[in-house]
>>> print(open('model.cif').read())   # mmCIF, N, CA and C atoms
data_model
#
loop_
_atom_site.group_PDB
_atom_site.id
_atom_site.type_symbol
_atom_site.label_atom_id
_atom_site.label_comp_id
_atom_site.auth_asym_id
_atom_site.auth_seq_id
_atom_site.Cartn_x
_atom_site.Cartn_y
_atom_site.Cartn_z
ATOM 1 N N MET A 1 141.391 -49.213 -17.963
ATOM 2 C CA MET A 1 140.756 -48.126 -17.236
ATOM 3 C C MET A 1 140.111 -47.204 -18.265
ATOM 4 N N SER A 2 138.854 -46.857 -18.019
ATOM 5 C CA SER A 2 138.141 -45.970 -18.922
ATOM 6 C C SER A 2 137.533 -44.811 -18.136
ATOM 7 N N LYS A 3 137.201 -43.769 -18.843
ATOM 8 C CA LYS A 3 136.589 -42.595 -18.217
ATOM 9 C C LYS A 3 135.117 -42.866 -17.967
ATOM 10 N N TRP A 4 134.571 -42.254 -16.926
ATOM 11 C CA TRP A 4 133.189 -42.473 -16.539
ATOM 12 C C TRP A 4 132.557 -41.150 -16.130
ATOM 13 N N TYR A 5 131.291 -40.982 -16.483
ATOM 14 C CA TYR A 5 130.486 -39.858 -16.024
ATOM 15 C C TYR A 5 129.107 -40.417 -15.714
ATOM 16 N N GLY A 6 128.620 -40.149 -14.511
ATOM 17 C CA GLY A 6 127.309 -40.679 -14.147
ATOM 18 C C GLY A 6 126.859 -40.205 -12.794
ATOM 19 N N LYS A 7 125.765 -40.816 -12.350
ATOM 20 C CA LYS A 7 125.145 -40.435 -11.085
ATOM 21 C C LYS A 7 125.567 -41.361 -9.966
ATOM 22 N N ILE A 8 125.742 -40.753 -8.804
ATOM 23 C CA ILE A 8 125.956 -41.490 -7.571
ATOM 24 C C ILE A 8 124.836 -41.071 -6.630
ATOM 25 N N ALA A 9 124.192 -42.058 -5.993
ATOM 26 C CA ALA A 9 123.032 -41.779 -5.142
ATOM 27 C C ALA A 9 123.387 -41.920 -3.665
ATOM 28 N N TYR A 10 122.745 -41.074 -2.880
ATOM 29 C CA TYR A 10 122.906 -41.051 -1.428
ATOM 30 C C TYR A 10 121.539 -41.249 -0.780
ATOM 31 N N GLY A 11 121.492 -41.935 0.327
ATOM 32 C CA GLY A 11 120.279 -42.037 1.137
ATOM 33 C C GLY A 11 120.423 -41.087 2.314
ATOM 34 N N VAL A 12 119.939 -39.871 2.154
ATOM 35 C CA VAL A 12 120.114 -38.818 3.156
ATOM 36 C C VAL A 12 118.845 -38.706 4.001
ATOM 37 N N THR A 13 118.995 -38.652 5.319
ATOM 38 C CA THR A 13 117.864 -38.487 6.218
ATOM 39 C C THR A 13 117.521 -37.014 6.309
ATOM 40 N N LYS A 14 116.244 -36.681 5.994
ATOM 41 C CA LYS A 14 115.800 -35.293 6.017
ATOM 42 C C LYS A 14 114.506 -35.182 6.816
ATOM 43 N N GLU A 15 114.299 -34.005 7.369
ATOM 44 C CA GLU A 15 113.065 -33.745 8.103
ATOM 45 C C GLU A 15 112.006 -33.273 7.107
ATOM 46 N N ILE A 16 110.955 -34.079 6.932
ATOM 47 C CA ILE A 16 109.905 -33.766 5.972
ATOM 48 C C ILE A 16 108.952 -32.718 6.543
ATOM 49 N N LYS A 17 108.528 -32.917 7.781
ATOM 50 C CA LYS A 17 107.742 -31.934 8.520
ATOM 51 C C LYS A 17 108.229 -32.003 9.966
ATOM 52 N N PRO A 18 107.919 -31.033 10.771
ATOM 53 C CA PRO A 18 108.464 -31.017 12.132
ATOM 54 C C PRO A 18 108.239 -32.335 12.884
ATOM 55 N N GLY A 19 109.340 -32.956 13.275
ATOM 56 C CA GLY A 19 109.300 -34.203 14.025
ATOM 57 C C GLY A 19 109.169 -35.453 13.178
ATOM 58 N N CYS A 20 109.069 -35.329 11.859
ATOM 59 C CA CYS A 20 108.911 -36.469 10.962
ATOM 60 C C CYS A 20 110.117 -36.529 10.017
ATOM 61 N N TRP A 21 110.942 -37.567 10.196
ATOM 62 C CA TRP A 21 112.154 -37.724 9.406
ATOM 63 C C TRP A 21 111.990 -38.891 8.447
ATOM 64 N N SER A 22 112.600 -38.780 7.275
ATOM 65 C CA SER A 22 112.520 -39.841 6.274
ATOM 66 C C SER A 22 113.832 -39.927 5.495
ATOM 67 N N ASN A 23 114.085 -41.116 4.961
ATOM 68 C CA ASN A 23 115.278 -41.325 4.144
ATOM 69 C C ASN A 23 114.942 -40.948 2.699
ATOM 70 N N VAL A 24 115.641 -39.957 2.155
ATOM 71 C CA VAL A 24 115.395 -39.445 0.809
ATOM 72 C C VAL A 24 116.616 -39.743 -0.054
ATOM 73 N N ILE A 25 116.376 -40.208 -1.278
ATOM 74 C CA ILE A 25 117.482 -40.502 -2.192
ATOM 75 C C ILE A 25 117.810 -39.251 -2.999
ATOM 76 N N GLU A 26 119.070 -38.819 -2.909
ATOM 77 C CA GLU A 26 119.581 -37.688 -3.688
ATOM 78 C C GLU A 26 120.660 -38.204 -4.627
ATOM 79 N N THR A 27 120.718 -37.658 -5.836
ATOM 80 C CA THR A 27 121.762 -38.056 -6.777
ATOM 81 C C THR A 27 122.612 -36.848 -7.151
ATOM 82 N N LYS A 28 123.869 -37.108 -7.405
ATOM 83 C CA LYS A 28 124.804 -36.085 -7.872
ATOM 84 C C LYS A 28 125.613 -36.681 -9.016
ATOM 85 N N ASN A 29 125.978 -35.838 -9.960
ATOM 86 C CA ASN A 29 126.786 -36.275 -11.103
ATOM 87 C C ASN A 29 128.273 -36.121 -10.788
ATOM 88 N N TYR A 30 129.043 -37.121 -11.205
ATOM 89 C CA TYR A 30 130.486 -37.124 -10.978
ATOM 90 C C TYR A 30 131.215 -37.595 -12.229
ATOM 91 N N TYR A 31 132.466 -37.170 -12.340
ATOM 92 C CA TYR A 31 133.410 -37.687 -13.325
ATOM 93 C C TYR A 31 134.375 -38.594 -12.588
ATOM 94 N N GLY A 32 134.861 -39.620 -13.268
ATOM 95 C CA GLY A 32 135.831 -40.492 -12.638
ATOM 96 C C GLY A 32 136.414 -41.485 -13.618
ATOM 97 N N ASP A 33 137.112 -42.462 -13.076
ATOM 98 C CA ASP A 33 137.730 -43.528 -13.860
ATOM 99 C C ASP A 33 137.112 -44.857 -13.454
ATOM 100 N N LEU A 34 136.776 -45.675 -14.443
ATOM 101 C CA LEU A 34 136.240 -47.009 -14.215
ATOM 102 C C LEU A 34 137.403 -47.986 -14.260
ATOM 103 N N ILE A 35 137.645 -48.654 -13.153
ATOM 104 C CA ILE A 35 138.799 -49.536 -13.008
ATOM 105 C C ILE A 35 138.310 -50.988 -12.911
ATOM 106 N N ASN A 36 139.048 -51.911 -13.514
ATOM 107 C CA ASN A 36 138.734 -53.347 -13.437
ATOM 108 C C ASN A 36 137.306 -53.641 -13.877
ATOM 109 N N ASP A 37 136.984 -53.319 -15.089
ATOM 110 C CA ASP A 37 135.650 -53.531 -15.644
ATOM 111 C C ASP A 37 135.444 -55.027 -15.901
ATOM 112 N N ARG A 38 134.818 -55.737 -14.937
ATOM 113 C CA ARG A 38 134.614 -57.183 -15.062
ATOM 114 C C ARG A 38 133.163 -57.542 -14.747
ATOM 115 N N TRP A 39 132.684 -58.599 -15.368
ATOM 116 C CA TRP A 39 131.348 -59.127 -15.126
ATOM 117 C C TRP A 39 131.477 -60.560 -14.636
ATOM 118 N N ARG A 40 130.562 -60.987 -13.761
ATOM 119 C CA ARG A 40 130.589 -62.363 -13.279
ATOM 120 C C ARG A 40 129.159 -62.860 -13.103
ATOM 121 N N ARG A 41 128.902 -64.060 -13.565
ATOM 122 C CA ARG A 41 127.598 -64.687 -13.338
ATOM 123 C C ARG A 41 127.660 -65.441 -12.020
ATOM 124 N N GLN A 42 126.642 -65.226 -11.190
ATOM 125 C CA GLN A 42 126.585 -65.895 -9.904
ATOM 126 C C GLN A 42 125.463 -66.928 -9.972
ATOM 127 N N THR A 43 125.838 -68.186 -9.952
ATOM 128 C CA THR A 43 124.874 -69.256 -10.048
ATOM 129 C C THR A 43 124.158 -69.416 -8.717
ATOM 130 N N SER A 44 122.840 -69.586 -8.800
ATOM 131 C CA SER A 44 122.043 -69.769 -7.589
ATOM 132 C C SER A 44 120.905 -70.730 -7.896
ATOM 133 N N ASN A 45 120.005 -70.899 -6.975
ATOM 134 C CA ASN A 45 118.874 -71.798 -7.160
ATOM 135 C C ASN A 45 117.727 -71.133 -7.915
ATOM 136 N N LYS A 46 117.982 -69.978 -8.513
ATOM 137 C CA LYS A 46 116.969 -69.270 -9.275
ATOM 138 C C LYS A 46 116.955 -69.789 -10.706
ATOM 139 N N VAL A 47 115.945 -69.393 -11.448
ATOM 140 C CA VAL A 47 115.847 -69.787 -12.852
ATOM 141 C C VAL A 47 116.973 -69.147 -13.656
ATOM 142 N N ASN A 48 117.206 -67.863 -13.429
ATOM 143 C CA ASN A 48 118.265 -67.141 -14.132
ATOM 144 C C ASN A 48 119.397 -66.799 -13.181
ATOM 145 N N ASP A 49 120.623 -66.825 -13.686
ATOM 146 C CA ASP A 49 121.787 -66.456 -12.881
ATOM 147 C C ASP A 49 121.787 -64.950 -12.619
ATOM 148 N N ASP A 50 122.346 -64.562 -11.481
ATOM 149 C CA ASP A 50 122.548 -63.148 -11.188
ATOM 150 C C ASP A 50 123.831 -62.689 -11.864
ATOM 151 N N ILE A 51 123.831 -61.438 -12.329
ATOM 152 C CA ILE A 51 125.033 -60.873 -12.932
ATOM 153 C C ILE A 51 125.607 -59.843 -11.973
ATOM 154 N N ASN A 52 126.865 -60.005 -11.616
ATOM 155 C CA ASN A 52 127.560 -59.050 -10.757
ATOM 156 C C ASN A 52 128.562 -58.273 -11.584
ATOM 157 N N PHE A 53 128.592 -56.993 -11.352
ATOM 158 C CA PHE A 53 129.516 -56.088 -12.021
ATOM 159 C C PHE A 53 130.624 -55.804 -11.025
ATOM 160 N N ILE A 54 131.752 -56.465 -11.194
ATOM 161 C CA ILE A 54 132.856 -56.317 -10.253
ATOM 162 C C ILE A 54 133.797 -55.271 -10.814
ATOM 163 N N SER A 55 133.669 -54.075 -10.320
ATOM 164 C CA SER A 55 134.435 -52.966 -10.842
ATOM 165 C C SER A 55 134.614 -51.933 -9.749
ATOM 166 N N SER A 56 135.450 -50.959 -10.008
ATOM 167 C CA SER A 56 135.670 -49.867 -9.065
ATOM 168 C C SER A 56 135.609 -48.541 -9.795
ATOM 169 N N LEU A 57 135.094 -47.543 -9.119
ATOM 170 C CA LEU A 57 135.084 -46.171 -9.627
ATOM 171 C C LEU A 57 136.035 -45.354 -8.777
ATOM 172 N N SER A 58 136.888 -44.603 -9.421
ATOM 173 C CA SER A 58 137.793 -43.697 -8.728
ATOM 174 C C SER A 58 137.348 -42.279 -9.062
ATOM 175 N N ILE A 59 136.874 -41.551 -8.040
ATOM 176 C CA ILE A 59 136.393 -40.184 -8.255
ATOM 177 C C ILE A 59 137.106 -39.228 -7.315
ATOM 178 N N LEU A 60 137.143 -37.955 -7.716
ATOM 179 C CA LEU A 60 137.713 -36.934 -6.847
ATOM 180 C C LEU A 60 136.743 -36.643 -5.708
ATOM 181 N N ALA A 61 137.256 -36.565 -4.511
ATOM 182 C CA ALA A 61 136.417 -36.311 -3.343
ATOM 183 C C ALA A 61 136.084 -34.823 -3.252
ATOM 184 N N ASP A 62 134.798 -34.517 -3.193
ATOM 185 C CA ASP A 62 134.386 -33.153 -2.898
ATOM 186 C C ASP A 62 133.880 -33.117 -1.452
ATOM 187 N N GLN A 63 133.473 -31.974 -1.001
ATOM 188 C CA GLN A 63 133.065 -31.832 0.395
ATOM 189 C C GLN A 63 131.818 -32.666 0.695
ATOM 190 N N PHE A 64 130.866 -32.709 -0.245
ATOM 191 C CA PHE A 64 129.620 -33.440 0.001
ATOM 192 C C PHE A 64 129.863 -34.941 0.152
ATOM 193 N N ILE A 65 130.634 -35.529 -0.760
ATOM 194 C CA ILE A 65 130.874 -36.971 -0.675
ATOM 195 C C ILE A 65 131.744 -37.320 0.532
ATOM 196 N N SER A 66 132.612 -36.412 0.933
ATOM 197 C CA SER A 66 133.426 -36.657 2.126
ATOM 198 C C SER A 66 132.572 -36.680 3.388
ATOM 199 N N GLU A 67 131.561 -35.817 3.441
ATOM 200 C CA GLU A 67 130.688 -35.748 4.620
ATOM 201 C C GLU A 67 129.619 -36.835 4.614
ATOM 202 N N HIS A 68 129.264 -37.356 3.429
ATOM 203 C CA HIS A 68 128.171 -38.319 3.323
ATOM 204 C C HIS A 68 128.609 -39.658 2.747
ATOM 205 N N CYS A 69 129.859 -40.045 2.927
ATOM 206 C CA CYS A 69 130.327 -41.298 2.341
ATOM 207 C C CYS A 69 129.626 -42.511 2.964
ATOM 208 N N TYR A 70 129.121 -42.380 4.174
ATOM 209 C CA TYR A 70 128.403 -43.479 4.808
ATOM 210 C C TYR A 70 126.972 -43.602 4.288
ATOM 211 N N ASP A 71 126.489 -42.637 3.507
ATOM 212 C CA ASP A 71 125.137 -42.649 2.948
ATOM 213 C C ASP A 71 125.088 -43.153 1.505
ATOM 214 N N LEU A 72 126.224 -43.524 0.921
ATOM 215 C CA LEU A 72 126.265 -43.925 -0.491
ATOM 216 C C LEU A 72 125.438 -45.190 -0.731
ATOM 217 N N LEU A 73 124.628 -45.179 -1.787
ATOM 218 C CA LEU A 73 123.771 -46.317 -2.118
ATOM 219 C C LEU A 73 124.199 -47.018 -3.401
ATOM 220 N N TYR A 74 124.223 -46.268 -4.504
ATOM 221 C CA TYR A 74 124.525 -46.880 -5.793
ATOM 222 C C TYR A 74 125.184 -45.891 -6.729
ATOM 223 N N ALA A 75 125.785 -46.442 -7.795
ATOM 224 C CA ALA A 75 126.350 -45.644 -8.885
ATOM 225 C C ALA A 75 125.746 -46.165 -10.178
ATOM 226 N N GLU A 76 125.462 -45.250 -11.087
ATOM 227 C CA GLU A 76 124.872 -45.633 -12.361
ATOM 228 C C GLU A 76 125.974 -45.760 -13.410
ATOM 229 N N VAL A 77 126.126 -46.980 -13.938
ATOM 230 C CA VAL A 77 127.129 -47.264 -14.959
ATOM 231 C C VAL A 77 126.425 -47.959 -16.113
ATOM 232 N N MET A 78 126.578 -47.430 -17.319
ATOM 233 C CA MET A 78 125.959 -47.982 -18.520
ATOM 234 C C MET A 78 124.443 -48.115 -18.383
ATOM 235 N N GLY A 79 123.824 -47.149 -17.724
ATOM 236 C CA GLY A 79 122.375 -47.124 -17.591
ATOM 237 C C GLY A 79 121.799 -48.042 -16.529
ATOM 238 N N VAL A 80 122.640 -48.719 -15.751
ATOM 239 C CA VAL A 80 122.184 -49.640 -14.710
ATOM 240 C C VAL A 80 122.685 -49.136 -13.359
ATOM 241 N N LYS A 81 121.843 -49.275 -12.342
ATOM 242 C CA LYS A 81 122.217 -48.883 -10.982
ATOM 243 C C LYS A 81 122.898 -50.069 -10.299
ATOM 244 N N TRP A 82 124.165 -49.849 -9.870
ATOM 245 C CA TRP A 82 124.947 -50.899 -9.225
ATOM 246 C C TRP A 82 125.212 -50.522 -7.776
ATOM 247 N N LYS A 83 125.049 -51.476 -6.847
ATOM 248 C CA LYS A 83 125.274 -51.243 -5.424
ATOM 249 C C LYS A 83 126.732 -50.885 -5.159
ATOM 250 N N ILE A 84 126.932 -49.938 -4.259
ATOM 251 C CA ILE A 84 128.280 -49.627 -3.784
ATOM 252 C C ILE A 84 128.532 -50.528 -2.584
ATOM 253 N N THR A 85 129.479 -51.447 -2.725
ATOM 254 C CA THR A 85 129.713 -52.441 -1.683
ATOM 255 C C THR A 85 130.907 -52.113 -0.788
ATOM 256 N N ASP A 86 131.812 -51.262 -1.270
ATOM 257 C CA ASP A 86 133.015 -50.960 -0.493
ATOM 258 C C ASP A 86 133.483 -49.555 -0.832
ATOM 259 N N ILE A 87 133.938 -48.830 0.186
ATOM 260 C CA ILE A 87 134.435 -47.463 0.003
ATOM 261 C C ILE A 87 135.849 -47.394 0.574
ATOM 262 N N SER A 88 136.773 -46.906 -0.247
ATOM 263 C CA SER A 88 138.144 -46.734 0.198
ATOM 264 C C SER A 88 138.550 -45.281 -0.040
ATOM 265 N N ILE A 89 138.877 -44.578 1.028
ATOM 266 C CA ILE A 89 139.259 -43.172 0.911
ATOM 267 C C ILE A 89 140.770 -43.096 0.747
ATOM 268 N N GLN A 90 141.190 -42.629 -0.436
ATOM 269 C CA GLN A 90 142.600 -42.458 -0.764
ATOM 270 C C GLN A 90 142.764 -41.010 -1.202
ATOM 271 N N TYR A 91 142.740 -40.117 -0.221
ATOM 272 C CA TYR A 91 142.681 -38.689 -0.479
ATOM 273 C C TYR A 91 143.710 -38.267 -1.523
ATOM 274 N N PRO A 92 143.347 -37.491 -2.518
ATOM 275 C CA PRO A 92 142.114 -36.744 -2.757
ATOM 276 C C PRO A 92 141.064 -37.521 -3.535
ATOM 277 N N ARG A 93 141.212 -38.831 -3.691
ATOM 278 C CA ARG A 93 140.244 -39.628 -4.436
ATOM 279 C C ARG A 93 139.511 -40.571 -3.495
ATOM 280 N N ILE A 94 138.347 -41.007 -3.943
ATOM 281 C CA ILE A 94 137.587 -42.027 -3.235
ATOM 282 C C ILE A 94 137.373 -43.173 -4.221
ATOM 283 N N LEU A 95 137.656 -44.377 -3.771
ATOM 284 C CA LEU A 95 137.524 -45.565 -4.595
ATOM 285 C C LEU A 95 136.263 -46.310 -4.157
ATOM 286 N N LEU A 96 135.299 -46.439 -5.072
ATOM 287 C CA LEU A 96 134.024 -47.103 -4.792
ATOM 288 C C LEU A 96 134.001 -48.445 -5.518
ATOM 289 N N THR A 97 133.815 -49.534 -4.779
ATOM 290 C CA THR A 97 133.711 -50.856 -5.376
ATOM 291 C C THR A 97 132.237 -51.160 -5.598
ATOM 292 N N LEU A 98 131.911 -51.606 -6.815
ATOM 293 C CA LEU A 98 130.535 -51.893 -7.175
ATOM 294 C C LEU A 98 130.283 -53.384 -7.172
ATOM 295 N N GLY A 99 129.040 -53.767 -6.850
ATOM 296 C CA GLY A 99 128.675 -55.184 -6.796
ATOM 297 C C GLY A 99 127.489 -55.477 -7.687
ATOM 298 N N GLY A 100 126.465 -56.108 -7.138
ATOM 299 C CA GLY A 100 125.280 -56.494 -7.900
ATOM 300 C C GLY A 100 124.367 -55.316 -8.183
ATOM 301 N N LYS A 101 123.270 -55.604 -8.880
ATOM 302 C CA LYS A 101 122.307 -54.560 -9.220
ATOM 303 C C LYS A 101 121.628 -54.034 -7.964
ATOM 304 N N TYR A 102 121.343 -52.734 -7.989
ATOM 305 C CA TYR A 102 120.637 -52.078 -6.888
ATOM 306 C C TYR A 102 119.140 -52.251 -7.105
ATOM 307 N N ASN A 103 118.443 -52.814 -6.136
ATOM 308 C CA ASN A 103 117.014 -53.071 -6.275
ATOM 309 C C ASN A 103 116.196 -52.284 -5.254
ATOM 310 N N GLY A 104 116.653 -51.096 -4.919
ATOM 311 C CA GLY A 104 115.939 -50.256 -3.952
ATOM 312 C C GLY A 104 114.776 -49.545 -4.592
ATOM 313 N N LYS A 105 114.425 -48.403 -4.041
ATOM 314 C CA LYS A 105 113.291 -47.620 -4.552
ATOM 315 C C LYS A 105 113.492 -47.237 -5.998
#
>>> encode(input="model.cif", output="structure tokens")
Amino acid sequence: MSKWYGKIAYGVTKEIKPGCWSNVIETKNYYGDLINDRWRRQTSNKVNDDINFISSLSILADQFISEHCYDLLYAEVMGVKWKITDISIQYPRILLTLGGKYNGK
């Protein structure tokens, strides 16, 4: 287990102009613990194998993440954006399981 500091992104729906809503990505910085730091190559029919980062982040739950846990998109670890694939609320901490690379906006 190692210490971690980085960004966690949310896809929050906001009203851009009256009657026009859009999904906006917001990021917040968090401290936490990186648990089970593992890498796995996923063989496929592509030229290059996909790399999956199978790990979990344990962070303290604040009010914002508690209210928007269903909006979580990715966490940045070692300069790469990784998809959040599973969320486990173990109050006062939230355990985020990371998967493959995030290829969104």
>>> residues_around(input="model.cif", residues="range 22-32 of chain A", least_positions_apart="6", cutoff="8 Å", atoms="all atoms listed in the file", output="PyMOL selection string")
chain A and resi 2-16+57-60
>>> select_by_dssp(input="model.cif", residues="chain A", states="helix (DSSP H, G or I)", output="list in words")
Gln63, Phe64, Ile65, Ser66, Glu67, Cys69, Tyr70 and Asp71 of chain A
>>> atom_distance(input="model.cif", atom1="CA of Ile84 in chain A", atom2="CA of Phe64 in chain A")
16.7 Å
>>> resolve_selection(input="model.cif", expression="the PyMOL selection byres ((chain A and resi 95) around 8)", output="PDB file with N, CA and C atoms, in the frame of the given file")
ATOM      1  N   SER A  56     135.450 -50.959 -10.008  1.00  0.00           N
ATOM      2  CA  SER A  56     135.670 -49.867  -9.065  1.00  0.00           C
ATOM      3  C   SER A  56     135.609 -48.541  -9.795  1.00  0.00           C
ATOM      4  N   LEU A  57     135.094 -47.543  -9.119  1.00  0.00           N
ATOM      5  CA  LEU A  57     135.084 -46.171  -9.627  1.00  0.00           C
ATOM      6  C   LEU A  57     136.035 -45.354  -8.777  1.00  0.00           C
ATOM      7  N   SER A  58     136.888 -44.603  -9.421  1.00  0.00           N
ATOM      8  CA  SER A  58     137.793 -43.697  -8.728  1.00  0.00           C
ATOM      9  C   SER A  58     137.348 -42.279  -9.062  1.00  0.00           C
ATOM     10  N   ILE A  59     136.874 -41.551  -8.040  1.00  0.00           N
ATOM     11  CA  ILE A  59     136.393 -40.184  -8.255  1.00  0.00           C
ATOM     12  C   ILE A  59     137.106 -39.228  -7.315  1.00  0.00           C
ATOM     13  N   LEU A  60     137.143 -37.955  -7.716  1.00  0.00           N
ATOM     14  CA  LEU A  60     137.713 -36.934  -6.847  1.00  0.00           C
ATOM     15  C   LEU A  60     136.743 -36.643  -5.708  1.00  0.00           C
ATOM     16  N   ALA A  61     137.256 -36.565  -4.511  1.00  0.00           N
ATOM     17  CA  ALA A  61     136.417 -36.311  -3.343  1.00  0.00           C
ATOM     18  C   ALA A  61     136.084 -34.823  -3.252  1.00  0.00           C
ATOM     19  N   ASP A  86     131.812 -51.262  -1.270  1.00  0.00           N
ATOM     20  CA  ASP A  86     133.015 -50.960  -0.493  1.00  0.00           C
ATOM     21  C   ASP A  86     133.483 -49.555  -0.832  1.00  0.00           C
ATOM     22  N   ILE A  87     133.938 -48.830   0.186  1.00  0.00           N
ATOM     23  CA  ILE A  87     134.435 -47.463   0.003  1.00  0.00           C
ATOM     24  C   ILE A  87     135.849 -47.394   0.574  1.00  0.00           C
ATOM     25  N   SER A  88     136.773 -46.906  -0.247  1.00  0.00           N
ATOM     26  CA  SER A  88     138.144 -46.734   0.198  1.00  0.00           C
ATOM     27  C   SER A  88     138.550 -45.281  -0.040  1.00  0.00           C
ATOM     28  N   ILE A  89     138.877 -44.578   1.028  1.00  0.00           N
ATOM     29  CA  ILE A  89     139.259 -43.172   0.911  1.00  0.00           C
ATOM     30  C   ILE A  89     140.770 -43.096   0.747  1.00  0.00           C
ATOM     31  N   GLN A  90     141.190 -42.629  -0.436  1.00  0.00           N
ATOM     32  CA  GLN A  90     142.600 -42.458  -0.764  1.00  0.00           C
ATOM     33  C   GLN A  90     142.764 -41.010  -1.202  1.00  0.00           C
ATOM     34  N   TYR A  91     142.740 -40.117  -0.221  1.00  0.00           N
ATOM     35  CA  TYR A  91     142.681 -38.689  -0.479  1.00  0.00           C
ATOM     36  C   TYR A  91     143.710 -38.267  -1.523  1.00  0.00           C
ATOM     37  N   PRO A  92     143.347 -37.491  -2.518  1.00  0.00           N
ATOM     38  CA  PRO A  92     142.114 -36.744  -2.757  1.00  0.00           C
ATOM     39  C   PRO A  92     141.064 -37.521  -3.535  1.00  0.00           C
ATOM     40  N   ARG A  93     141.212 -38.831  -3.691  1.00  0.00           N
ATOM     41  CA  ARG A  93     140.244 -39.628  -4.436  1.00  0.00           C
ATOM     42  C   ARG A  93     139.511 -40.571  -3.495  1.00  0.00           C
ATOM     43  N   ILE A  94     138.347 -41.007  -3.943  1.00  0.00           N
ATOM     44  CA  ILE A  94     137.587 -42.027  -3.235  1.00  0.00           C
ATOM     45  C   ILE A  94     137.373 -43.173  -4.221  1.00  0.00           C
ATOM     46  N   LEU A  96     135.299 -46.439  -5.072  1.00  0.00           N
ATOM     47  CA  LEU A  96     134.024 -47.103  -4.792  1.00  0.00           C
ATOM     48  C   LEU A  96     134.001 -48.445  -5.518  1.00  0.00           C
ATOM     49  N   THR A  97     133.815 -49.534  -4.779  1.00  0.00           N
ATOM     50  CA  THR A  97     133.711 -50.856  -5.376  1.00  0.00           C
ATOM     51  C   THR A  97     132.237 -51.160  -5.598  1.00  0.00           C
ATOM     52  N   LEU A  98     131.911 -51.606  -6.815  1.00  0.00           N
ATOM     53  CA  LEU A  98     130.535 -51.893  -7.175  1.00  0.00           C
ATOM     54  C   LEU A  98     130.283 -53.384  -7.172  1.00  0.00           C
TER      55      LEU A  98
END
>>> select_by_dssp(input="model.cif", residues="chain A", states="strand (DSSP E or B)", output="PyMOL selection string")
chain A and resi 2-17+20-42+50-60+72-77+80-90+93-101
>>> decode(input="model.cif", residues="range 63-67 of chain A", atoms="all heavy atoms", output="PDB file, in the first residue's frame")
ATOM      1  N   GLN A  63     -18.157  15.671   1.510  1.00  0.00           N
ATOM      2  CA  GLN A  63     -19.563  15.857   1.162  1.00  0.00           C
ATOM      3  C   GLN A  63     -19.774  15.789  -0.351  1.00  0.00           C
ATOM      4  O   GLN A  63     -20.734  15.181  -0.819  1.00  0.00           O
ATOM      5  CB  GLN A  63     -20.081  17.194   1.689  1.00  0.00           C
ATOM      6  CG  GLN A  63     -21.558  17.404   1.420  1.00  0.00           C
ATOM      7  CD  GLN A  63     -22.078  18.698   2.014  1.00  0.00           C
ATOM      8  OE1 GLN A  63     -21.361  19.397   2.699  1.00  0.00           O
ATOM      9  NE2 GLN A  63     -23.329  19.004   1.745  1.00  0.00           N
ATOM     10  N   PHE A  64     -18.846  16.363  -1.128  1.00  0.00           N
ATOM     11  CA  PHE A  64     -19.016  16.387  -2.584  1.00  0.00           C
ATOM     12  C   PHE A  64     -18.981  14.982  -3.183  1.00  0.00           C
ATOM     13  O   PHE A  64     -19.834  14.614  -3.981  1.00  0.00           O
ATOM     14  CB  PHE A  64     -17.936  17.264  -3.233  1.00  0.00           C
ATOM     15  CG  PHE A  64     -18.171  17.476  -4.697  1.00  0.00           C
ATOM     16  CD1 PHE A  64     -19.041  18.441  -5.141  1.00  0.00           C
ATOM     17  CD2 PHE A  64     -17.516  16.692  -5.643  1.00  0.00           C
ATOM     18  CE1 PHE A  64     -19.270  18.639  -6.501  1.00  0.00           C
ATOM     19  CE2 PHE A  64     -17.733  16.878  -6.994  1.00  0.00           C
ATOM     20  CZ  PHE A  64     -18.614  17.855  -7.423  1.00  0.00           C
ATOM     21  N   ILE A  65     -17.995  14.177  -2.792  1.00  0.00           N
ATOM     22  CA  ILE A  65     -17.902  12.829  -3.358  1.00  0.00           C
ATOM     23  C   ILE A  65     -19.048  11.941  -2.875  1.00  0.00           C
ATOM     24  O   ILE A  65     -19.506  11.065  -3.594  1.00  0.00           O
ATOM     25  CB  ILE A  65     -16.522  12.188  -3.082  1.00  0.00           C
ATOM     26  CG1 ILE A  65     -16.273  11.023  -4.043  1.00  0.00           C
ATOM     27  CG2 ILE A  65     -16.399  11.724  -1.649  1.00  0.00           C
ATOM     28  CD1 ILE A  65     -14.872  10.508  -4.050  1.00  0.00           C
ATOM     29  N   SER A  66     -19.546  12.197  -1.681  1.00  0.00           N
ATOM     30  CA  SER A  66     -20.692  11.428  -1.188  1.00  0.00           C
ATOM     31  C   SER A  66     -21.951  11.727  -1.993  1.00  0.00           C
ATOM     32  O   SER A  66     -22.752  10.836  -2.257  1.00  0.00           O
ATOM     33  CB  SER A  66     -20.938  11.741   0.285  1.00  0.00           C
ATOM     34  OG  SER A  66     -19.846  11.327   1.061  1.00  0.00           O
ATOM     35  N   GLU A  67     -22.120  12.984  -2.393  1.00  0.00           N
ATOM     36  CA  GLU A  67     -23.308  13.380  -3.161  1.00  0.00           C
ATOM     37  C   GLU A  67     -23.182  13.038  -4.641  1.00  0.00           C
ATOM     38  O   GLU A  67     -24.183  12.900  -5.330  1.00  0.00           O
ATOM     39  CB  GLU A  67     -23.557  14.873  -3.007  1.00  0.00           C
ATOM     40  CG  GLU A  67     -23.964  15.283  -1.617  1.00  0.00           C
ATOM     41  CD  GLU A  67     -24.043  16.789  -1.424  1.00  0.00           C
ATOM     42  OE1 GLU A  67     -23.715  17.536  -2.384  1.00  0.00           O
ATOM     43  OE2 GLU A  67     -24.428  17.215  -0.325  1.00  0.00           O
TER      44      GLU A  67
END
